[in-house]
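Worksheet: the structure to be examined is printed underneath.
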Amino acid sequence: MNDSAAKTSERLEQEAVAWHVRLTSGDISTVERARFEAWRKQSPAHDHSYRQIENLWRMMDAPVIADRQRRRKPGKTAKPAHSLRWSVGLAVAASLLLTATLGMFPDYLREPWADYSTHIGERTSIRLEDGSVAHLNTDTAFDVSWRDNERRVVLFRGEAEFEVAHDSSRPFRVQAGNTVTEALGTRFIVRYDDSAGAVTLLEGKVRTEQTKKQGTFITLHPGQRATFDAQSLSGVLAADVSAAEAWRRGRLIMNFVTLKQVVAEINRYHRGQVTLLGDTLADKEINVAIDLNNIDVWLDTLKDTLPIKIRRVGPFVFLQS
């Protein structure tokens, strides 16, 4: 599909979303319905776009309404189904339309003044002022500061591997939230997402501590890792070093994990959100080795190994179990 055809397809999908929201609102006039029928008959592509949205809505409608009913407080009157569909429809339409514009690029809006950053799906390497090398994974941002007695990286989000240049007079420290990792001449990875993260040691030795809890620290040796959140720091854990740094080779390797975990990880690299509909296969344990430059190819072949359907709506990919 060329760029012109892709833009036309995206425009029709957005129009189809808007029409479907109006049709399911319970408040559409005869004139508007006639206009919709005229729009739909303009071409087979118009009709196909609408049927795609209609099919997607059928998949989403029942689970959404059921979830709303489960969340409803006792004694509270339930909204009519058409009212729920209308409110949810507006949210879906807004999400789709926003994603097609600014929402498709949230990484452009976060930490725009960071010293170094990558966008979703981008990976790069940079040489820092002190001679250290930082390899940035997808959607990563950090600041650096050089002082007479310290070299400090503040990781705002994402994942980076650091190859630290030796300087005994200035320790190299990476801060992620409330956790600081100090390198002792080493190569290590720090990942930080939504106030939680992990430190994986590849070579040398590091000391990781919680800034809010003085004296709470652990020392890692090659092949070990530690996880952390805003309040705590785990003990020493064994690390699969090959899988941990596979992204440096353009690969995503995950062993003995659930399909929903794989989908969550893919979404770090894939600008169009991948959503798993239904929970039949969500907890199925799988092993994957994915080429990060060809995620869509892997998604398309997933149906060859699992009883799953792949549906695409604009930038979105839906996996239906």
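Scheme for the structure tokens: letters A, B, ... for chains in order shown; per-chain residue numbers from 1; ligand numbers from 1 in order shown.
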Who sits within 10 Å of segment 244-253 of chain A, only C-alpha atoms, same chain under 3 positions skipped, as a PyMOL selection string: chain A and resi 123-125+135-138+160-161+188-189+200-202+223+225+239-241+262+265-266+269+287-295
Exercise: Asp194 of chain A partners within 10 Å, only C-alpha atoms, chain neighbours under 3 positions left out, as a ChimeraX atom specification: /A:156-158,177,197,229-230
Contact residues around Lys212 of chain A with only C-alpha atoms at 12 Å, ignoring same-chain residues under 5 positions, as JSON, numbers by chain: {"A": [177, 178, 179, 180, 217, 229, 230, 231, 232, 233]}
Residues flagged strand (DSSP E or B) by DSSP in segment 73-285 of chain A, as a ChimeraX atom specification: /A:116-117,124-127,133-136,141-146,151-163,172-176,179-183,187-193,196-203,206-210,217-220,224-228,233,237-238,251-258,274-277,285
Contacts of segment 16-19 of chain A within 7 Å, only C-alpha atoms, excl. fewer than 5 positions in-chain, as an MDAnalysis selection string: chainID A and resid 36 49:50 53 93
Can you write out the residues you just picked, keeping C-alpha atoms, as a CSV table (one decimal), in the first residue's frame?
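See result-v4.csv below for the written result:
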chain,number,residue,atom,x,y,z
A,36,PHE,CA,-24.6,8.0,6.4
A,49,SER,CA,-14.1,0.6,6.5
A,50,TYR,CA,-17.5,0.8,8.2
A,53,ILE,CA,-15.5,-0.7,12.8
A,93,ALA,CA,-13.8,7.7,18.8
6 Å contact set for Leu319 of chain A, only C-alpha atoms, chain neighbours under 4 positions out, as JSON, numbers by chain: {"A": [276, 277, 309, 310]}
Store the residues picked out above, limited to all heavy atoms, as an mmCIF file, in the first residue's frame.
data_model
loop_
_atom_site.group_PDB
_atom_site.id
_atom_site.type_symbol
_atom_site.label_atom_id
_atom_site.label_comp_id
_atom_site.auth_asym_id
_atom_site.auth_seq_id
_atom_site.Cartn_x
_atom_site.Cartn_y
_atom_site.Cartn_z
ATOM 1 N N LEU A 276 -5.070 -7.029 23.231
ATOM 2 C CA LEU A 276 -5.539 -8.408 23.278
ATOM 3 C C LEU A 276 -6.977 -8.412 23.764
ATOM 4 O O LEU A 276 -7.266 -8.000 24.885
ATOM 5 C CB LEU A 276 -4.657 -9.226 24.223
ATOM 6 C CG LEU A 276 -4.957 -10.721 24.366
ATOM 7 C CD1 LEU A 276 -4.834 -11.426 23.027
ATOM 8 C CD2 LEU A 276 -4.010 -11.339 25.391
ATOM 9 N N LEU A 277 -7.895 -8.829 22.896
ATOM 10 C CA LEU A 277 -9.316 -8.873 23.239
ATOM 11 C C LEU A 277 -9.672 -10.262 23.769
ATOM 12 O O LEU A 277 -9.392 -11.271 23.122
ATOM 13 C CB LEU A 277 -10.170 -8.564 22.003
ATOM 14 C CG LEU A 277 -10.024 -7.155 21.413
ATOM 15 C CD1 LEU A 277 -10.846 -7.041 20.134
ATOM 16 C CD2 LEU A 277 -10.468 -6.103 22.413
ATOM 17 N N LYS A 309 -7.162 -14.365 15.967
ATOM 18 C CA LYS A 309 -7.438 -13.571 14.776
ATOM 19 C C LYS A 309 -6.779 -12.206 14.912
ATOM 20 O O LYS A 309 -6.777 -11.625 15.992
ATOM 21 C CB LYS A 309 -8.943 -13.400 14.574
ATOM 22 C CG LYS A 309 -9.687 -14.702 14.287
ATOM 23 C CD LYS A 309 -11.176 -14.436 14.124
ATOM 24 C CE LYS A 309 -11.943 -15.732 13.858
ATOM 25 N NZ LYS A 309 -13.412 -15.481 13.749
ATOM 26 N N ILE A 310 -6.244 -11.703 13.816
ATOM 27 C CA ILE A 310 -5.593 -10.399 13.800
ATOM 28 C C ILE A 310 -6.490 -9.424 13.059
ATOM 29 O O ILE A 310 -6.859 -9.658 11.906
ATOM 30 C CB ILE A 310 -4.227 -10.458 13.087
ATOM 31 C CG1 ILE A 310 -3.420 -11.678 13.546
ATOM 32 C CG2 ILE A 310 -3.474 -9.153 13.283
ATOM 33 C CD1 ILE A 310 -3.049 -11.654 14.992
#
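Secondary structure by DSSP on the backbone puts the following residues of segment 87-288 of chain A in alpha helix (DSSP H): Ser87, Val88, Gly89, Leu90, Ala91, Val92, Ala93, Ala94, Ser95, Leu96, Leu97, Leu98, Thr99, Ala100, Val241, Ser242, Ala243, Ala244, Leu259, Lys260, Gln261, Val262, Val263, Ala264, Glu265, Ile266, Asn267, Arg268 and Tyr269 of chain A.
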A:Lys41, A:Ala5, A:Glu54, A:Leu220 ranked by distance to His20 of chain A, top pick (using only C-alpha atoms):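 When distances to His20 of chain A are compared using only C-alpha atoms, the smallest one comes from A:Glu54.
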Atom CA of Asn149 of chain A to atom CA of Arg207 of chain A, distance in Å rounded to a single decimal: 17.3 Å
